[in-house]
>>> print(open('data_0.pdb').read())   # PDB, C-alpha atoms
ATOM      1  CA  MET A   1    -134.138 -93.896  57.679  1.00  0.00           C
ATOM      2  CA  PRO A   2    -130.824 -93.333  55.848  1.00  0.00           C
ATOM      3  CA  GLU A   3    -128.344 -96.134  55.265  1.00  0.00           C
ATOM      4  CA  LEU A   4    -125.865 -96.594  58.097  1.00  0.00           C
ATOM      5  CA  ILE A   5    -122.354 -95.559  57.082  1.00  0.00           C
ATOM      6  CA  GLU A   6    -119.492 -97.325  58.834  1.00  0.00           C
ATOM      7  CA  PRO A   7    -115.754 -97.174  58.078  1.00  0.00           C
ATOM      8  CA  GLU A   8    -114.097-100.071  56.326  1.00  0.00           C
ATOM      9  CA  LYS A   9    -111.767-102.051  58.553  1.00  0.00           C
ATOM     10  CA  HIS A  10    -108.703-100.853  56.631  1.00  0.00           C
ATOM     11  CA  CYS A  11    -109.889 -97.273  56.169  1.00  0.00           C
ATOM     12  CA  ASN A  12    -107.037 -95.091  54.879  1.00  0.00           C
ATOM     13  CA  THR A  13    -108.623 -91.637  55.233  1.00  0.00           C
ATOM     14  CA  CYS A  14    -106.162 -90.550  57.937  1.00  0.00           C
ATOM     15  CA  PRO A  15    -102.526 -91.112  56.863  1.00  0.00           C
ATOM     16  CA  ARG A  16    -101.087 -91.010  60.391  1.00  0.00           C
ATOM     17  CA  LEU A  17    -103.579 -93.547  61.722  1.00  0.00           C
ATOM     18  CA  THR A  18    -103.138 -95.773  58.680  1.00  0.00           C
ATOM     19  CA  THR A  19     -99.369 -95.846  59.219  1.00  0.00           C
ATOM     20  CA  PHE A  20     -99.778 -96.564  62.917  1.00  0.00           C
ATOM     21  CA  ARG A  21    -102.145 -99.463  62.197  1.00  0.00           C
ATOM     22  CA  GLN A  22     -99.694-100.915  59.691  1.00  0.00           C
ATOM     23  CA  GLU A  23     -96.899-100.747  62.240  1.00  0.00           C
ATOM     24  CA  ASN A  24     -99.060-102.487  64.824  1.00  0.00           C
ATOM     25  CA  ARG A  25    -100.086-105.133  62.294  1.00  0.00           C
ATOM     26  CA  GLU A  26     -96.426-106.155  62.142  1.00  0.00           C
ATOM     27  CA  LEU A  27     -95.978-106.012  65.915  1.00  0.00           C
ATOM     28  CA  TYR A  28     -99.303-107.656  66.772  1.00  0.00           C
ATOM     29  CA  PRO A  29    -100.456-109.723  63.787  1.00  0.00           C
ATOM     30  CA  ASP A  30    -103.224-111.398  65.795  1.00  0.00           C
ATOM     31  CA  TYR A  31    -104.866-108.088  66.778  1.00  0.00           C
ATOM     32  CA  HIS A  32    -107.862-106.541  65.017  1.00  0.00           C
ATOM     33  CA  ASN A  33    -105.682-103.613  63.836  1.00  0.00           C
ATOM     34  CA  GLY A  34    -108.462-101.805  61.993  1.00  0.00           C
ATOM     35  CA  ALA A  35    -111.338 -99.401  62.378  1.00  0.00           C
ATOM     36  CA  VAL A  36    -113.464-100.435  65.351  1.00  0.00           C
ATOM     37  CA  ASN A  37    -117.213-100.202  64.915  1.00  0.00           C
ATOM     38  CA  ASN A  38    -119.829 -99.884  67.625  1.00  0.00           C
ATOM     39  CA  ILE A  39    -121.482-102.587  69.702  1.00  0.00           C
ATOM     40  CA  GLY A  40    -125.040-102.566  70.999  1.00  0.00           C
ATOM     41  CA  PRO A  41    -128.530-102.365  69.494  1.00  0.00           C
ATOM     42  CA  MET A  42    -129.538 -99.627  67.070  1.00  0.00           C
ATOM     43  CA  ASP A  43    -132.723 -99.028  69.079  1.00  0.00           C
ATOM     44  CA  ALA A  44    -130.643 -98.059  72.126  1.00  0.00           C
ATOM     45  CA  GLU A  45    -131.707 -95.109  74.261  1.00  0.00           C
ATOM     46  CA  ILE A  46    -128.159 -94.219  75.356  1.00  0.00           C
ATOM     47  CA  MET A  47    -125.005 -93.891  73.276  1.00  0.00           C
ATOM     48  CA  ILE A  48    -121.707 -94.189  75.149  1.00  0.00           C
ATOM     49  CA  LEU A  49    -119.231 -92.038  73.218  1.00  0.00           C
ATOM     50  CA  GLY A  50    -115.561 -92.639  73.940  1.00  0.00           C
ATOM     51  CA  LEU A  51    -112.387 -91.112  72.529  1.00  0.00           C
ATOM     52  CA  ALA A  52    -110.698 -93.779  70.382  1.00  0.00           C
ATOM     53  CA  PRO A  53    -109.736 -97.475  70.513  1.00  0.00           C
ATOM     54  CA  GLY A  54    -106.992 -98.367  72.961  1.00  0.00           C
ATOM     55  CA  LEU A  55    -103.935-100.111  71.557  1.00  0.00           C
ATOM     56  CA  GLN A  56    -104.218-103.110  73.885  1.00  0.00           C
ATOM     57  CA  GLY A  57    -108.001-102.893  74.217  1.00  0.00           C
ATOM     58  CA  ALA A  58    -110.356-102.299  71.294  1.00  0.00           C
ATOM     59  CA  ASN A  59    -107.525-102.341  68.745  1.00  0.00           C
ATOM     60  CA  LYS A  60    -106.813-105.870  69.928  1.00  0.00           C
ATOM     61  CA  SER A  61    -110.366-107.164  70.381  1.00  0.00           C
ATOM     62  CA  GLY A  62    -112.115-105.249  67.616  1.00  0.00           C
ATOM     63  CA  LYS A  63    -114.826-104.144  70.072  1.00  0.00           C
ATOM     64  CA  PRO A  64    -114.951-100.740  71.803  1.00  0.00           C
ATOM     65  CA  PHE A  65    -113.710-100.802  75.398  1.00  0.00           C
ATOM     66  CA  ILE A  66    -113.267-104.578  75.381  1.00  0.00           C
ATOM     67  CA  GLY A  67    -109.917-105.701  76.779  1.00  0.00           C
ATOM     68  CA  ASP A  68    -108.746-102.814  78.946  1.00  0.00           C
ATOM     69  CA  GLN A  69    -109.375-101.466  82.438  1.00  0.00           C
ATOM     70  CA  SER A  70    -111.555 -98.584  81.276  1.00  0.00           C
ATOM     71  CA  GLY A  71    -113.887-101.102  79.679  1.00  0.00           C
ATOM     72  CA  ASP A  72    -114.008-103.150  82.870  1.00  0.00           C
ATOM     73  CA  LEU A  73    -115.489-100.187  84.747  1.00  0.00           C
ATOM     74  CA  LEU A  74    -117.726 -99.084  81.875  1.00  0.00           C
ATOM     75  CA  TYR A  75    -119.377-102.440  81.308  1.00  0.00           C
ATOM     76  CA  ALA A  76    -119.578-103.308  85.000  1.00  0.00           C
ATOM     77  CA  THR A  77    -121.427-100.049  85.588  1.00  0.00           C
ATOM     78  CA  LEU A  78    -123.714-100.612  82.619  1.00  0.00           C
ATOM     79  CA  SER A  79    -124.448-104.040  84.076  1.00  0.00           C
ATOM     80  CA  LYS A  80    -125.392-102.524  87.452  1.00  0.00           C
ATOM     81  CA  LEU A  81    -127.927-100.309  85.682  1.00  0.00           C
ATOM     82  CA  GLY A  82    -129.453-103.166  83.705  1.00  0.00           C
ATOM     83  CA  TYR A  83    -127.933-102.518  80.292  1.00  0.00           C
ATOM     84  CA  THR A  84    -126.304-105.935  79.834  1.00  0.00           C
ATOM     85  CA  ASN A  85    -127.493-109.434  79.067  1.00  0.00           C
ATOM     86  CA  GLY A  86    -125.215-112.006  80.640  1.00  0.00           C
ATOM     87  CA  GLU A  87    -122.190-111.452  82.824  1.00  0.00           C
ATOM     88  CA  PHE A  88    -119.428-109.255  81.459  1.00  0.00           C
ATOM     89  CA  HIS A  89    -116.000-110.878  81.308  1.00  0.00           C
ATOM     90  CA  ASN A  90    -113.842-109.447  78.525  1.00  0.00           C
ATOM     91  CA  GLY A  91    -116.839-109.557  76.225  1.00  0.00           C
ATOM     92  CA  ASN A  92    -117.643-113.247  76.669  1.00  0.00           C
ATOM     93  CA  ALA A  93    -121.306-114.288  76.959  1.00  0.00           C
ATOM     94  CA  PHE A  94    -122.155-110.618  77.002  1.00  0.00           C
ATOM     95  CA  THR A  95    -124.457-108.348  74.995  1.00  0.00           C
ATOM     96  CA  LEU A  96    -125.911-104.887  75.526  1.00  0.00           C
ATOM     97  CA  ASN A  97    -129.516-103.799  75.674  1.00  0.00           C
ATOM     98  CA  ARG A  98    -130.785-100.200  75.411  1.00  0.00           C
ATOM     99  CA  ALA A  99    -127.184 -98.938  75.235  1.00  0.00           C
ATOM    100  CA  LEU A 100    -124.695 -98.663  72.370  1.00  0.00           C
ATOM    101  CA  VAL A 101    -120.949 -98.035  72.699  1.00  0.00           C
ATOM    102  CA  THR A 102    -118.809 -96.292  70.090  1.00  0.00           C
ATOM    103  CA  ASN A 103    -115.864 -93.886  69.751  1.00  0.00           C
ATOM    104  CA  ALA A 104    -115.367 -90.431  68.296  1.00  0.00           C
ATOM    105  CA  VAL A 105    -112.369 -91.790  66.344  1.00  0.00           C
ATOM    106  CA  ARG A 106    -112.594 -95.360  65.080  1.00  0.00           C
ATOM    107  CA  CYS A 107    -108.874 -96.196  64.668  1.00  0.00           C
ATOM    108  CA  VAL A 108    -106.232 -96.371  67.377  1.00  0.00           C
ATOM    109  CA  PRO A 109    -104.111 -93.174  67.502  1.00  0.00           C
ATOM    110  CA  PRO A 110    -100.492 -92.895  68.678  1.00  0.00           C
ATOM    111  CA  GLN A 111    -100.298 -92.059  72.396  1.00  0.00           C
ATOM    112  CA  ASN A 112    -104.112 -92.278  72.430  1.00  0.00           C
ATOM    113  CA  LYS A 113    -104.274 -88.699  71.095  1.00  0.00           C
ATOM    114  CA  PRO A 114    -106.207 -88.155  67.844  1.00  0.00           C
ATOM    115  CA  THR A 115    -105.784 -84.882  66.005  1.00  0.00           C
ATOM    116  CA  ALA A 116    -108.601 -82.448  65.251  1.00  0.00           C
ATOM    117  CA  ALA A 117    -108.474 -83.476  61.588  1.00  0.00           C
ATOM    118  CA  GLU A 118    -108.832 -87.152  62.499  1.00  0.00           C
ATOM    119  CA  ILE A 119    -111.835 -86.397  64.685  1.00  0.00           C
ATOM    120  CA  ASN A 120    -113.396 -84.428  61.836  1.00  0.00           C
ATOM    121  CA  ASN A 121    -112.749 -87.270  59.394  1.00  0.00           C
ATOM    122  CA  CYS A 122    -114.682 -89.674  61.620  1.00  0.00           C
ATOM    123  CA  ARG A 123    -117.588 -87.310  62.326  1.00  0.00           C
ATOM    124  CA  PRO A 124    -119.694 -88.552  59.355  1.00  0.00           C
ATOM    125  CA  TYR A 125    -119.777 -92.001  60.953  1.00  0.00           C
ATOM    126  CA  LEU A 126    -121.028 -90.536  64.218  1.00  0.00           C
ATOM    127  CA  LEU A 127    -123.676 -88.504  62.398  1.00  0.00           C
ATOM    128  CA  SER A 128    -124.820 -91.543  60.461  1.00  0.00           C
ATOM    129  CA  LEU A 129    -125.028 -93.564  63.652  1.00  0.00           C
ATOM    130  CA  ILE A 130    -127.142 -90.908  65.381  1.00  0.00           C
ATOM    131  CA  ASP A 131    -129.459 -90.688  62.359  1.00  0.00           C
ATOM    132  CA  ASN A 132    -130.017 -94.441  62.528  1.00  0.00           C
ATOM    133  CA  MET A 133    -130.875 -94.598  66.242  1.00  0.00           C
ATOM    134  CA  PRO A 134    -134.578 -93.690  66.415  1.00  0.00           C
ATOM    135  CA  LYS A 135    -134.877 -94.093  70.199  1.00  0.00           C
ATOM    136  CA  LEU A 136    -131.675 -92.259  71.143  1.00  0.00           C
ATOM    137  CA  LYS A 137    -132.244 -89.850  74.031  1.00  0.00           C
ATOM    138  CA  VAL A 138    -128.812 -89.401  75.647  1.00  0.00           C
ATOM    139  CA  ILE A 139    -125.217 -89.268  74.465  1.00  0.00           C
ATOM    140  CA  PHE A 140    -122.966 -90.113  77.410  1.00  0.00           C
ATOM    141  CA  ALA A 141    -119.550 -88.650  76.628  1.00  0.00           C
ATOM    142  CA  LEU A 142    -116.402 -90.045  78.202  1.00  0.00           C
ATOM    143  CA  GLY A 143    -113.935 -87.198  78.560  1.00  0.00           C
ATOM    144  CA  LYS A 144    -113.586 -83.725  77.093  1.00  0.00           C
ATOM    145  CA  VAL A 145    -112.734 -84.791  73.534  1.00  0.00           C
ATOM    146  CA  ALA A 146    -115.897 -86.873  73.264  1.00  0.00           C
ATOM    147  CA  HIS A 147    -117.858 -84.071  74.935  1.00  0.00           C
ATOM    148  CA  ASP A 148    -116.579 -81.480  72.445  1.00  0.00           C
ATOM    149  CA  THR A 149    -117.146 -83.863  69.536  1.00  0.00           C
ATOM    150  CA  ALA A 150    -120.787 -84.307  70.470  1.00  0.00           C
ATOM    151  CA  LEU A 151    -121.283 -80.548  70.697  1.00  0.00           C
ATOM    152  CA  ARG A 152    -119.635 -79.860  67.344  1.00  0.00           C
ATOM    153  CA  THR A 153    -121.667 -82.629  65.732  1.00  0.00           C
ATOM    154  CA  PHE A 154    -124.770 -80.591  66.528  1.00  0.00           C
ATOM    155  CA  GLY A 155    -123.214 -77.235  65.688  1.00  0.00           C
ATOM    156  CA  LEU A 156    -123.045 -76.052  69.302  1.00  0.00           C
ATOM    157  CA  GLN A 157    -120.298 -73.835  70.688  1.00  0.00           C
ATOM    158  CA  VAL A 158    -117.837 -75.616  72.936  1.00  0.00           C
ATOM    159  CA  SER A 159    -117.117 -72.425  74.885  1.00  0.00           C
ATOM    160  CA  ALA A 160    -120.799 -72.093  75.826  1.00  0.00           C
ATOM    161  CA  HIS A 161    -121.090 -75.719  76.971  1.00  0.00           C
ATOM    162  CA  LYS A 162    -118.095 -76.330  79.201  1.00  0.00           C
ATOM    163  CA  PHE A 163    -117.003 -79.828  80.083  1.00  0.00           C
ATOM    164  CA  MET A 164    -117.508 -80.847  83.692  1.00  0.00           C
ATOM    165  CA  HIS A 165    -118.114 -84.216  85.267  1.00  0.00           C
ATOM    166  CA  GLY A 166    -121.867 -84.734  85.440  1.00  0.00           C
ATOM    167  CA  CYS A 167    -122.726 -81.788  83.218  1.00  0.00           C
ATOM    168  CA  GLU A 168    -125.807 -82.064  81.021  1.00  0.00           C
ATOM    169  CA  TYR A 169    -126.779 -80.066  77.953  1.00  0.00           C
ATOM    170  CA  ASN A 170    -129.625 -80.209  75.475  1.00  0.00           C
ATOM    171  CA  LEU A 171    -128.276 -81.081  72.015  1.00  0.00           C
ATOM    172  CA  ARG A 172    -131.633 -80.860  70.260  1.00  0.00           C
ATOM    173  CA  GLU A 173    -135.235 -81.536  71.169  1.00  0.00           C
ATOM    174  CA  GLY A 174    -135.403 -84.935  72.815  1.00  0.00           C
ATOM    175  CA  LEU A 175    -131.641 -85.520  72.919  1.00  0.00           C
ATOM    176  CA  TRP A 176    -129.324 -84.768  75.836  1.00  0.00           C
ATOM    177  CA  LEU A 177    -125.577 -84.783  76.388  1.00  0.00           C
ATOM    178  CA  VAL A 178    -124.286 -86.005  79.749  1.00  0.00           C
ATOM    179  CA  SER A 179    -120.527 -86.056  80.263  1.00  0.00           C
ATOM    180  CA  SER A 180    -118.162 -87.822  82.611  1.00  0.00           C
ATOM    181  CA  TYR A 181    -114.477 -87.935  83.261  1.00  0.00           C
ATOM    182  CA  HIS A 182    -113.071 -90.716  81.109  1.00  0.00           C
ATOM    183  CA  CYS A 183    -112.993 -94.079  82.873  1.00  0.00           C
ATOM    184  CA  SER A 184    -109.305 -94.509  82.060  1.00  0.00           C
ATOM    185  CA  ARG A 185    -106.853 -96.310  84.301  1.00  0.00           C
ATOM    186  CA  TYR A 186    -105.002 -93.018  84.853  1.00  0.00           C
ATOM    187  CA  ASN A 187    -108.125 -91.185  86.059  1.00  0.00           C
ATOM    188  CA  LEU A 188    -109.044 -94.070  88.340  1.00  0.00           C
ATOM    189  CA  ASN A 189    -105.537 -94.431  89.772  1.00  0.00           C
ATOM    190  CA  THR A 190    -105.253 -90.690  90.459  1.00  0.00           C
ATOM    191  CA  LYS A 191    -108.779 -90.571  91.929  1.00  0.00           C
ATOM    192  CA  VAL A 192    -109.872 -87.948  89.410  1.00  0.00           C
ATOM    193  CA  LEU A 193    -112.713 -90.406  88.874  1.00  0.00           C
ATOM    194  CA  THR A 194    -114.099 -92.959  91.321  1.00  0.00           C
ATOM    195  CA  GLU A 195    -116.463 -95.830  90.677  1.00  0.00           C
ATOM    196  CA  GLU A 196    -119.128 -93.990  92.679  1.00  0.00           C
ATOM    197  CA  MET A 197    -118.725 -90.827  90.572  1.00  0.00           C
ATOM    198  CA  PHE A 198    -118.978 -92.821  87.365  1.00  0.00           C
ATOM    199  CA  LEU A 199    -122.075 -94.687  88.512  1.00  0.00           C
ATOM    200  CA  SER A 200    -123.693 -91.408  89.539  1.00  0.00           C
ATOM    201  CA  ALA A 201    -123.104 -89.793  86.132  1.00  0.00           C
ATOM    202  CA  LEU A 202    -124.332 -92.818  84.210  1.00  0.00           C
ATOM    203  CA  ASN A 203    -127.374 -93.037  86.471  1.00  0.00           C
ATOM    204  CA  GLN A 204    -128.025 -89.384  85.647  1.00  0.00           C
ATOM    205  CA  ALA A 205    -127.968 -90.264  81.949  1.00  0.00           C
ATOM    206  CA  GLN A 206    -130.301 -93.189  82.532  1.00  0.00           C
ATOM    207  CA  LYS A 207    -132.861 -90.961  84.260  1.00  0.00           C
ATOM    208  CA  LEU A 208    -132.825 -88.518  81.346  1.00  0.00           C
ATOM    209  CA  SER A 209    -133.317 -91.384  78.891  1.00  0.00           C
ATOM    210  CA  THR A 210    -136.579 -92.363  80.590  1.00  0.00           C
ATOM    211  CA  GLN A 211    -138.168 -88.905  80.508  1.00  0.00           C
TER     212      GLN A 211
END
>>> encode(input="data_0.pdb", output="structure tokens")
Amino acid sequence: MPELIEPEKHCNTCPRLTTFRQENRELYPDYHNGAVNNIGPMDAEIMILGLAPGLQGANKSGKPFIGDQSGDLLYATLSKLGYTNGEFHNGNAFTLNRALVTNAVRCVPPQNKPTAAEINNCRPYLLSLIDNMPKLKVIFALGKVAHDTALRTFGLQVSAHKFMHGCEYNLREGLWLVSSYHCSRYNLNTKVLTEEMFLSALNQAQKLSTQ
């Protein structure tokens, strides 16, 4: 198995993201303000693939989806399906089992919108992570950017694998992509996504992971 490649906390590959982190380091000196690596076991069956760290969430805590409303729904739903040890409360007394959470882009972007170049720069970390997860059976993508990133990582055409909530595609033998609307506060508030819809999609991913 190849060596796992992860970004350094103060990675400077992307100039725009580096500048934004430096600005936030002055505004929020107690925050993590660096590249955010994944949480969860490497022998996980499901990878939760998000977009990028949130300014007041993962960029603050240093853990993906810890500290914001989207993480509250994500981890509560994972808990319902048996993927957590301990009760989730902002990451306290809480670990994952059989599921790993990461992001397509590891550093917080302005307005939560990474560029195509920034996504490409982070793709080697995603590839390395996949190569080091021997039991991985499902990538559960949160939103279209994560969905498209997963497809491009395996050389598949985005136009032939359209993003829809609950869609599933075969990435390679033994590995599936299941996608969901992002569990963001905006999507929840506008009812684009409901808790029931999110649970249904994640349950779909869980069923595929046991085949």
>>> resolve_selection(input="data_0.pdb", expression="the PyMOL selection byres ((chain A and resi 52) around 6)", output="list in words")
Leu51, Pro53, Asn103, Val105, Arg106 and Val108 of chain A
>>> closest_residue(input="data_0.pdb", among="A:Gln69, A:Met133, A:Glu26, A:Val36", to="Leu4 of chain A", atoms="only C-alpha atoms")
A:Met133
>>> resolve_selection(input="data_0.pdb", expression="the PyMOL selection byres ((chain A and resi 40) around 8)", output="compact mmCIF listing (two decimals) with C-alpha atoms, in the coordinates of the input")
# COMPACT_ATOMS: atom_id res chain seq x y z
CA ASN A 38 -119.83 -99.88 67.62
CA ILE A 39 -121.48 -102.59 69.70
CA PRO A 41 -128.53 -102.36 69.49
CA MET A 42 -129.54 -99.63 67.07
CA ALA A 44 -130.64 -98.06 72.13
CA THR A 95 -124.46 -108.35 75.00
CA LEU A 96 -125.91 -104.89 75.53
CA ASN A 97 -129.52 -103.80 75.67
CA ARG A 98 -130.78 -100.20 75.41
CA ALA A 99 -127.18 -98.94 75.24
CA LEU A 100 -124.70 -98.66 72.37
CA VAL A 101 -120.95 -98.04 72.70
>>> closest_residue(input="data_0.pdb", among="A:Tyr28, A:Tyr75, A:Tyr186, A:Tyr181", to="Cys167 of chain A", atoms="only C-alpha atoms")
A:Tyr181
>>> atom_distance(input="data_0.pdb", atom1="atom CA of Arg123 of chain A", atom2="atom CA of Leu49 of chain A")
12.0 Å
>>> atom_distance(input="data_0.pdb", atom1="atom CA of Glu23 of chain A", atom2="atom CA of Pro109 of chain A")
11.7 Å
>>> atom_distance(input="data_0.pdb", atom1="atom CA of Gln22 of chain A", atom2="atom CA of Asn112 of chain A")
16.0 Å
>>> residues_around(input="data_0.pdb", residues="Cys11 of chain A", least_positions_apart="4", cutoff="9 Å", atoms="all atoms listed in the file", output="NGL selection string")
:A and (7 or 18 or 34-35 or 107)
>>> residues_around(input="data_0.pdb", residues="Ile139 of chain A", least_positions_apart="3", cutoff="8 Å", atoms="all atoms listed in the file", output="list in words")
Ile46, Met47, Ile48, Leu49, Leu136, Ala150, Leu175, Trp176, Leu177 and Val178 of chain A
>>> residues_around(input="data_0.pdb", residues="Gln157 of chain A", least_positions_apart="6", cutoff="12 Å", atoms="all atoms listed in the file", output="list of chain:residue names")
A:His147, A:Asp148, A:Thr149, A:Ala150, A:Leu151, A:Phe163, A:Tyr169, A:Leu171
>>> closest_residue(input="data_0.pdb", among="A:Leu74, A:Leu81, A:Ala58, A:Leu129", to="Met1 of chain A", atoms="all atoms listed in the file")
A:Leu129
>>> closest_residue(input="data_0.pdb", among="A:Glu168, A:Asp131, A:Glu173, A:Glu195", to="Pro2 of chain A", atoms="only C-alpha atoms")
A:Asp131
>>> closest_residue(input="data_0.pdb", among="A:Leu55, A:Cys122, A:Leu188, A:Val138", to="Glu8 of chain A", atoms="all atoms listed in the file")
A:Cys122
>>> closest_residue(input="data_0.pdb", among="A:Lys207, A:Arg16, A:His161, A:Lys60", to="Tyr31 of chain A", atoms="all atoms listed in the file")
A:Lys60
>>> residues_around(input="data_0.pdb", residues="Gly71 of chain A", least_positions_apart="5", cutoff="9 Å", atoms="all atoms listed in the file", output="compact mmCIF listing (two decimals) with C-alpha atoms, in the coordinates of the input")
# COMPACT_ATOMS: atom_id res chain seq x y z
CA GLY A 57 -108.00 -102.89 74.22
CA PRO A 64 -114.95 -100.74 71.80
CA PHE A 65 -113.71 -100.80 75.40
CA ILE A 66 -113.27 -104.58 75.38
CA ALA A 76 -119.58 -103.31 85.00
CA ASN A 90 -113.84 -109.45 78.53
CA CYS A 183 -112.99 -94.08 82.87
CA SER A 184 -109.30 -94.51 82.06
